[in-house]
Every structure is written in C-alpha cells, then in structure tokens.
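For reference, input28.txt is printed below; it contains compact mmCIF, C-alpha atoms.
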```txt
# COMPACT_ATOMS: atom_id res chain seq x y z
CA MET F 1 9.60 -36.27 11.82
CA THR F 2 11.88 -34.10 9.70
CA THR F 3 14.47 -31.65 10.95
CA LEU F 4 14.61 -27.92 10.35
CA ARG F 5 17.73 -28.45 8.21
CA ALA F 6 16.08 -31.06 5.99
CA PHE F 7 12.92 -29.02 5.64
CA LEU F 8 14.77 -25.86 4.57
CA ALA F 9 16.88 -27.78 2.05
CA ASP F 10 13.73 -29.21 0.50
CA ALA F 11 11.63 -26.04 0.71
CA THR F 12 14.14 -23.91 -1.19
CA ARG F 13 14.54 -26.48 -3.98
CA ALA F 14 13.05 -25.41 -7.31
CA ILE F 15 9.93 -27.32 -8.35
CA PRO F 16 7.98 -27.26 -11.63
CA GLY F 17 5.66 -24.27 -11.71
CA PRO F 18 2.34 -23.89 -13.58
CA SER F 19 4.20 -23.03 -16.79
CA GLY F 20 6.51 -26.02 -16.46
CA ARG F 21 9.45 -23.81 -15.58
CA PRO F 22 11.17 -24.26 -12.21
CA ALA F 23 9.51 -22.24 -9.48
CA ARG F 24 10.45 -21.79 -5.89
CA CYS F 25 9.73 -19.57 -2.97
CA PRO F 26 12.80 -17.34 -2.46
CA PRO F 27 14.78 -18.42 0.62
CA GLN F 28 14.14 -15.12 2.42
CA GLU F 29 10.41 -15.67 1.99
CA VAL F 30 10.66 -19.26 3.20
CA TRP F 31 12.28 -17.89 6.35
CA ALA F 32 9.62 -15.19 6.70
CA LEU F 33 6.87 -17.80 6.47
CA GLY F 34 8.72 -19.92 9.01
CA CYS F 35 8.83 -17.01 11.46
CA HIS F 36 5.08 -16.70 11.06
CA VAL F 37 4.37 -20.42 11.50
CA LEU F 38 6.75 -20.99 14.40
CA GLY F 39 6.10 -17.68 16.15
CA ARG F 40 9.77 -16.73 16.22
CA SER F 41 11.72 -13.68 15.12
CA LEU F 42 14.11 -14.05 12.20
CA ALA F 43 17.05 -13.79 14.60
CA GLN F 44 15.64 -16.62 16.70
CA LEU F 45 15.01 -18.78 13.67
CA LEU F 46 18.47 -18.16 12.22
CA ALA F 47 20.01 -19.04 15.59
CA ALA F 48 18.02 -22.25 15.93
CA ASP F 49 19.72 -25.63 15.80
CA THR F 50 19.08 -26.88 12.26
CA ALA F 51 18.96 -30.43 13.63
CA GLU F 52 15.91 -29.41 15.67
CA PRO F 53 12.89 -31.63 14.94
CA LEU F 54 10.03 -29.86 13.14
CA GLN F 55 6.57 -30.71 14.42
CA ARG F 56 4.35 -32.31 11.77
CA GLU F 57 1.62 -29.70 12.09
CA ASP F 58 4.18 -26.90 11.74
CA GLU F 59 5.71 -28.58 8.71
CA ALA F 60 2.30 -29.00 7.08
CA ARG F 61 1.33 -25.37 7.71
CA TRP F 62 4.70 -24.10 6.48
CA ARG F 63 4.44 -26.17 3.29
CA GLU F 64 0.91 -24.95 2.71
CA LEU F 65 1.99 -21.30 2.91
CA ILE F 66 4.98 -21.91 0.64
CA ALA F 67 2.67 -23.47 -1.94
CA ARG F 68 0.30 -20.52 -1.74
CA ARG F 69 3.21 -18.12 -2.19
CA GLN F 70 4.39 -20.10 -5.21
CA GLY F 71 0.85 -19.71 -6.54
CA GLY F 72 1.24 -15.94 -6.48
CA GLU F 73 -0.46 -15.01 -3.21
CA PRO F 74 1.27 -11.96 -1.69
CA LEU F 75 3.62 -12.69 1.19
CA ALA F 76 2.03 -9.88 3.20
CA TYR F 77 -1.37 -11.61 3.13
CA LEU F 78 0.15 -14.93 4.17
CA VAL F 79 1.88 -13.49 7.24
CA GLY F 80 -0.78 -10.82 7.86
CA HIS F 81 1.48 -7.79 8.03
CA VAL F 82 3.88 -5.59 6.09
CA GLU F 83 6.25 -2.73 6.91
CA PHE F 84 5.64 0.71 5.41
CA TRP F 85 7.55 3.85 6.39
CA SER F 86 9.05 1.76 9.23
CA LEU F 87 5.54 1.14 10.54
CA PRO F 88 4.29 -2.44 11.04
CA LEU F 89 0.87 -2.62 9.40
CA LYS F 90 -1.77 -5.33 9.49
CA VAL F 91 -2.96 -6.25 6.00
CA THR F 92 -5.59 -8.65 4.68
CA PRO F 93 -7.05 -9.26 1.21
CA ASP F 94 -9.48 -6.41 2.02
CA VAL F 95 -6.71 -3.85 1.47
CA LEU F 96 -4.00 -3.21 -1.07
CA VAL F 97 -0.50 -4.21 0.03
CA PRO F 98 1.44 -0.92 0.47
CA ARG F 99 4.30 -0.66 -2.03
CA PRO F 100 7.73 0.94 -1.52
CA GLU F 101 7.03 3.45 -4.32
CA THR F 102 4.13 4.84 -2.31
CA GLU F 103 6.70 6.10 0.19
CA VAL F 104 7.59 8.65 -2.51
CA LEU F 105 4.08 10.07 -2.08
CA VAL F 106 4.69 10.36 1.67
CA GLU F 107 8.06 12.02 1.08
CA ARG F 108 6.56 14.60 -1.27
CA ALA F 109 3.69 15.28 1.14
CA LEU F 110 6.14 15.87 3.97
CA ALA F 111 8.06 18.30 1.76
CA VAL F 112 4.98 20.54 1.54
CA PRO F 113 5.29 23.44 4.02
CA VAL F 114 2.27 23.50 6.32
CA ALA F 115 1.58 25.17 9.65
CA ASP F 116 0.99 23.30 12.92
CA GLY F 117 -2.60 22.11 13.03
CA ALA F 118 -2.88 21.87 9.25
CA CYS F 119 -5.54 19.49 7.91
CA CYS F 120 -4.21 16.61 5.80
CA VAL F 121 -6.58 14.12 4.16
CA ASP F 122 -5.74 10.71 2.68
CA ALA F 123 -8.43 9.83 0.14
CA GLY F 124 -8.91 6.08 -0.38
CA THR F 125 -6.77 5.09 2.59
CA GLY F 126 -6.94 1.28 2.42
CA SER F 127 -4.74 0.00 5.24
CA GLY F 128 -4.19 3.56 6.47
CA ALA F 129 -0.53 3.44 5.42
CA ILE F 130 -0.21 6.98 4.03
CA ALA F 131 -2.29 8.69 6.71
CA LEU F 132 -0.43 6.90 9.51
CA ALA F 133 2.98 7.74 8.03
CA LEU F 134 1.98 11.41 7.81
CA LYS F 135 0.68 11.44 11.39
CA LYS F 136 3.86 9.80 12.64
CA GLU F 137 5.99 12.51 11.07
CA ARG F 138 3.59 15.41 11.70
CA PRO F 139 2.03 14.70 15.09
CA ARG F 140 0.57 18.22 15.33
CA ALA F 141 -1.27 17.96 12.04
CA GLN F 142 -4.93 17.02 11.86
CA VAL F 143 -4.79 13.87 9.74
CA ALA F 144 -7.96 12.27 8.40
CA ALA F 145 -8.61 9.45 5.96
CA CYS F 146 -11.55 7.97 4.10
CA ASP F 147 -12.40 4.83 2.17
CA ARG F 148 -15.49 3.34 0.54
CA SER F 149 -14.81 -0.10 1.99
CA PRO F 150 -15.97 -0.83 5.57
CA ALA F 151 -13.57 -3.78 5.72
CA ALA F 152 -10.63 -1.59 4.71
CA LEU F 153 -11.58 1.02 7.30
CA ALA F 154 -11.64 -1.65 10.00
CA ILE F 155 -8.05 -2.57 9.10
CA ALA F 156 -6.98 1.09 9.02
CA ARG F 157 -8.54 1.80 12.40
CA ALA F 158 -6.89 -1.29 13.88
CA ASN F 159 -3.52 -0.15 12.56
CA ALA F 160 -3.99 3.33 14.02
CA ALA F 161 -4.94 1.89 17.40
CA ALA F 162 -1.99 -0.52 17.44
CA LEU F 163 0.43 2.31 16.61
CA GLY F 164 -1.18 4.83 18.96
CA LEU F 165 -1.64 7.36 16.14
CA ASP F 166 -4.63 9.69 16.26
CA VAL F 167 -6.09 9.66 12.75
CA ALA F 168 -9.77 10.27 12.03
CA PHE F 169 -11.36 7.73 9.69
CA TRP F 170 -14.71 7.82 7.94
CA ARG F 171 -16.50 5.91 5.23
CA GLY F 172 -17.15 7.83 2.06
CA HIS F 173 -16.50 8.18 -1.65
CA TRP F 174 -13.38 10.26 -2.10
CA LEU F 175 -13.91 13.70 -0.55
CA ASP F 176 -17.71 13.86 -0.55
CA ALA F 177 -17.95 14.24 3.24
CA ILE F 178 -15.33 17.00 3.52
CA GLY F 179 -16.38 20.63 3.89
CA ASN F 180 -15.47 23.32 1.36
CA ARG F 181 -12.09 25.03 1.84
CA SER F 182 -11.27 22.97 4.93
CA CYS F 183 -8.05 21.17 3.94
CA ASP F 184 -4.44 22.16 3.42
CA LEU F 185 -3.27 18.94 1.83
CA VAL F 186 -4.98 16.09 -0.01
CA VAL F 187 -3.02 12.94 -0.83
CA SER F 188 -4.15 9.78 -2.56
CA ASN F 189 -2.95 6.51 -4.03
CA PRO F 190 -6.07 5.87 -6.15
CA PRO F 191 -6.76 2.97 -8.52
CA TYR F 192 -4.81 3.64 -11.72
CA VAL F 193 -4.44 0.31 -13.57
CA GLU F 194 -6.33 0.07 -16.87
CA SER F 195 -9.28 -2.32 -16.64
CA ALA F 196 -8.00 -4.43 -19.54
CA ASP F 197 -4.44 -4.69 -18.26
CA PRO F 198 -3.62 -8.43 -18.00
CA CYS F 199 -1.56 -7.77 -14.86
CA LEU F 200 -4.83 -7.56 -12.90
CA ALA F 201 -5.27 -11.30 -13.49
CA GLY F 202 -1.62 -12.16 -12.87
CA ASP F 203 0.23 -13.29 -9.77
CA GLY F 204 -0.06 -10.95 -6.86
CA LEU F 205 -2.62 -8.43 -8.11
CA ARG F 206 -5.36 -10.99 -8.67
CA PHE F 207 -5.42 -11.55 -4.91
CA GLU F 208 -5.73 -7.85 -4.08
CA PRO F 209 -9.00 -5.86 -4.01
CA ARG F 210 -9.95 -4.87 -7.56
CA LEU F 211 -11.66 -1.74 -6.23
CA ALA F 212 -8.25 -0.45 -5.15
CA LEU F 213 -6.56 -1.22 -8.48
CA ASP F 214 -8.92 -0.79 -11.43
CA GLY F 215 -8.80 2.78 -12.72
CA GLY F 216 -11.21 2.30 -15.60
CA ALA F 217 -10.60 1.97 -19.33
CA ASP F 218 -7.70 4.45 -19.39
CA GLY F 219 -6.60 4.00 -15.77
CA LEU F 220 -7.37 7.65 -15.03
CA ALA F 221 -11.04 7.53 -13.99
CA ALA F 222 -10.38 7.71 -10.25
CA ILE F 223 -7.84 10.51 -10.60
CA ALA F 224 -10.21 12.51 -12.82
CA ALA F 225 -12.98 12.05 -10.22
CA LEU F 226 -10.72 13.04 -7.32
CA ILE F 227 -9.47 16.34 -8.75
CA PRO F 228 -12.77 18.32 -8.61
CA GLY F 229 -13.30 17.21 -5.02
CA ALA F 230 -9.79 18.32 -4.11
CA ARG F 231 -10.39 21.74 -5.70
CA ARG F 232 -13.52 22.10 -3.58
CA VAL F 233 -12.01 21.14 -0.22
CA LEU F 234 -8.58 22.75 -0.52
CA ARG F 235 -7.95 26.14 1.00
CA PRO F 236 -6.17 28.69 -1.23
CA GLY F 237 -2.57 27.54 -1.47
CA GLY F 238 -3.47 23.96 -0.58
CA ARG F 239 -1.99 21.06 -2.52
CA LEU F 240 -3.11 17.82 -4.12
CA LEU F 241 -0.63 14.95 -4.48
CA VAL F 242 -1.56 11.79 -6.34
CA GLU F 243 0.31 8.57 -7.07
CA HIS F 244 -0.10 7.14 -10.58
CA GLY F 245 1.38 4.68 -13.04
CA ALA F 246 4.87 5.08 -14.45
CA LEU F 247 3.50 5.84 -17.93
CA GLN F 248 0.77 8.25 -16.81
CA GLY F 249 2.82 11.27 -15.77
CA ALA F 250 2.05 13.41 -18.84
CA GLU F 251 -1.66 12.57 -18.78
CA VAL F 252 -2.04 13.29 -15.07
CA ARG F 253 -0.15 16.56 -15.45
CA SER F 254 -2.60 17.52 -18.19
CA LEU F 255 -5.58 16.66 -15.96
CA PHE F 256 -4.15 18.80 -13.17
CA GLU F 257 -3.42 21.77 -15.41
CA ARG F 258 -6.77 21.67 -17.22
CA SER F 259 -8.54 21.70 -13.85
CA GLY F 260 -6.84 24.90 -12.81
CA LEU F 261 -4.21 23.48 -10.48
CA ALA F 262 -0.99 25.49 -10.68
CA ASP F 263 2.73 24.85 -10.20
CA VAL F 264 2.20 21.27 -11.34
CA ALA F 265 5.21 18.99 -10.87
CA VAL F 266 5.72 15.30 -11.58
CA HIS F 267 8.08 13.52 -9.19
CA PRO F 268 9.97 10.28 -9.92
CA ASP F 269 10.01 7.10 -7.87
CA TYR F 270 13.19 5.37 -6.71
CA ALA F 271 13.66 3.85 -10.17
CA GLY F 272 13.45 7.28 -11.82
CA ARG F 273 9.95 6.72 -13.28
CA PRO F 274 7.20 9.38 -13.03
CA ARG F 275 5.16 8.39 -9.96
CA VAL F 276 3.63 11.34 -8.06
CA THR F 277 2.00 14.47 -9.47
CA GLU F 278 1.57 17.57 -7.30
CA GLY F 279 -0.43 20.72 -7.87
CA VAL F 280 -1.46 23.85 -5.97
CA TRP F 281 -5.01 25.20 -5.80
CA HIS F 282 -5.01 28.99 -5.54
CA GLY F 283 -8.79 29.25 -5.38
```

Could you show the structure in this file as structure tokens?
Amino acid sequence: MTTLRAFLADATRAIPGPSGRPARCPPQEVWALGCHVLGRSLAQLLAADTAEPLQREDEARWRELIARRQGGEPLAYLVGHVEFWSLPLKVTPDVLVPRPETEVLVERALAVPVADGACCVDAGTGSGAIALALKKERPRAQVAACDRSPAALAIARANAAALGLDVAFWRGHWLDAIGNRSCDLVVSNPPYVESADPCLAGDGLRFEPRLALDGGADGLAAIAALIPGARRVLRPGGRLLVEHGALQGAEVRSLFERSGLADVAVHPDYAGRPRVTEGVWHG
C-alpha cells in the first residue's frame, strides 16, 4: 500500500502523452481530483500527513481520473461540479462547462438598468449558470431560462434547487414559447464555433455537447436565429446581449444593426478580446 506522499510524487511526474511529448495532470488538478476521490476539502487534504497510507481502491480511482484528465476530459466533468460567479454548479457531459469569459456576459447584463420585477430570459441556459447568476444578483427580477435539451434542463433545475434560487425553466427552441413584448432583457451564450473548426475534435471540447458548441458553417447560425425572436419578445427599450467568439465581434455587430437593434456595443472579455455584443430594441 502506497503513501499519500509517494502517490503525489508519482502522479505529478510527466509521462509520455499521445503525441510522444511529456504530459501530466497539473498538480492543482491532481489535488482537486484527490479531494473528489477522498471526500475531503483542499484544506483537509493539504493538512493531511503525507505518510498516510492510501487505500488501494482510492489509489486506483484517483489514477483513473488523472488518466482521463490527461486524455483531455474536462476537470469539471470528472469532479461533477464547477464554480461560476461564486456559485457551485453541478455539471455533467449533458451541459457545457461554464467559462470565466461568460461572466463578462453576466456583468454586462447587470449593468443594464431595469426596474424591480423586470423579466430577464436566458436563452439556451445549459447548466443554468447565467440565469442563476442574474437571479442571485437581482432577486426581485423575474428570471426565466430555456433549453432544447431535457437533460440540460434537469441539471439547471437541480442547480436552482440546490442554491435556493427561484428561476423558471422550460423546454423550447430559443424564444419560441415567450409572448410578444414580454421581456426586458434577453441574454444568451449560444453555439458559435464553426462546424469545421478542428477545436471541436480536440481535447476538452470533444467531450462537451456539440449542440451547445456548433454554430454552423460560419459560427453565426444560432445568433442569427436568436435575433428575430429577441426582437419579437423584447419590450420597447429592452436589450439583447449575446456572447460570441473573439473574432466575431464585427460580424455580430453587423447582424444586430441590420436587424434594427440600436445603440449596438461590443464589449471585451478579460483578455481584451471582443466577447459580448449588446443592442437595444426600440420597437
């Protein structure tokens, strides 16, 4: 039976990857997987005696997860959760793993002035990350979210229940089930990767739901489909905010402006790349 010290020394050692180059699971991820396997917090694991014996079944499970991570499987799927907007969210391969850059979309949505009781809709909610972040910060708002995937909606509902946040969820394609002129704010992180982009078959993304990633031949199909629905459901003065790829800012701005949305602005992410486009529908 090995010790925790010996296991960690071996687990963080570089090994030949699929390309022949050294590959290893970063030490912080080895620790995160260990917390999951051993059922301990990071503080507890860091404080543990490194001479502590490691049970064979725990060692086997830990090694299995490290190997899967080295194979490109997202850490969030391996441990079953991720943090977004300081909210702990359950995630599975049925939903996209929320990214830090999507917090820019939340920030911009929260910067929109709306009255108490305003209706905010998250179109294509996935894990519920955006809708739940908005509800946390705007408890008096009416926050709703939709998704085409029943499995994704089950995850979103479970997250809302665990966090005690009152968000309405329904199954539907974009905004089809929403009444005309009933919303003050529509937000979305739609699929925006080009279908032929090799990154869809690379590490990480190949494990995530293609439906939530593939934006068609030009990556803009979902955004183009969402805009008319947003125009229909937004009240005069309501706003649409959409996340998109770092190279799509000019094209999305053009789509917004050609559709009649006004005061269009493209906001950067934390790396300074165009990431969120916002427009106002005056009716």

Compute the distance from (-0.2, 12.7, 6.8) to each atom, counting only C-alpha atoms, keep the residues with any atom at most 12 Å away, and return them as a PyMOL selection string; use the coordinates of the file.
chain F and resi 85+103+105-112+114+117-123+125+128-145+165-168+183-188+241

Using only C-alpha atoms, find each residue in segment 91-127 of chain F having at least one atom no more than 10 Å away from segment 74-81 of chain F; report its shortest atom-to-atom pair and that distance in Å (one decimal), rows by chain then rising number, as a tab-separated table.
```
residue	atom	partner	partner_atom	distance
F:Val91	CA	F:His81	CA	5.1
F:Thr92	CA	F:Tyr77	CA	5.4
F:Pro93	CA	F:Tyr77	CA	6.4
F:Asp94	CA	F:Tyr77	CA	9.7
F:Val95	CA	F:Tyr77	CA	9.6
F:Leu96	CA	F:Tyr77	CA	9.8
F:Val97	CA	F:Ala76	CA	7.0
F:Pro98	CA	F:Ala76	CA	9.4
```

If you count all atoms listed in the file, which residues fall within 12 Å of Arg258 of chain F, apart from same-chain ones fewer than 6 positions away, as a list in words?
Ala224, Ile227, Pro228, Glu251, Val252, Val264 and Gly279 of chain F

With distances taken over only C-alpha atoms, which residue among F:Val276, F:Leu240, F:Ala225, F:Val104 lies nearest Phe84 of chain F?
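Under the stated criterion, the closest residue is F:Val104.
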
What's the 10 Å shell around Arg63 of chain F, counting all atoms listed in the file, without same-chain residues fewer than 5 positions away, as a list in words?
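Listed by chain and then number, they are Phe7, Ala11, Val30, Leu33, Gly34, Glu57, Asp58, Arg68 and Arg69 of chain F.
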
Distance in Å - atom CA of Ser182 of chain F versus atom CA of Arg232 of chain F
8.8 Å
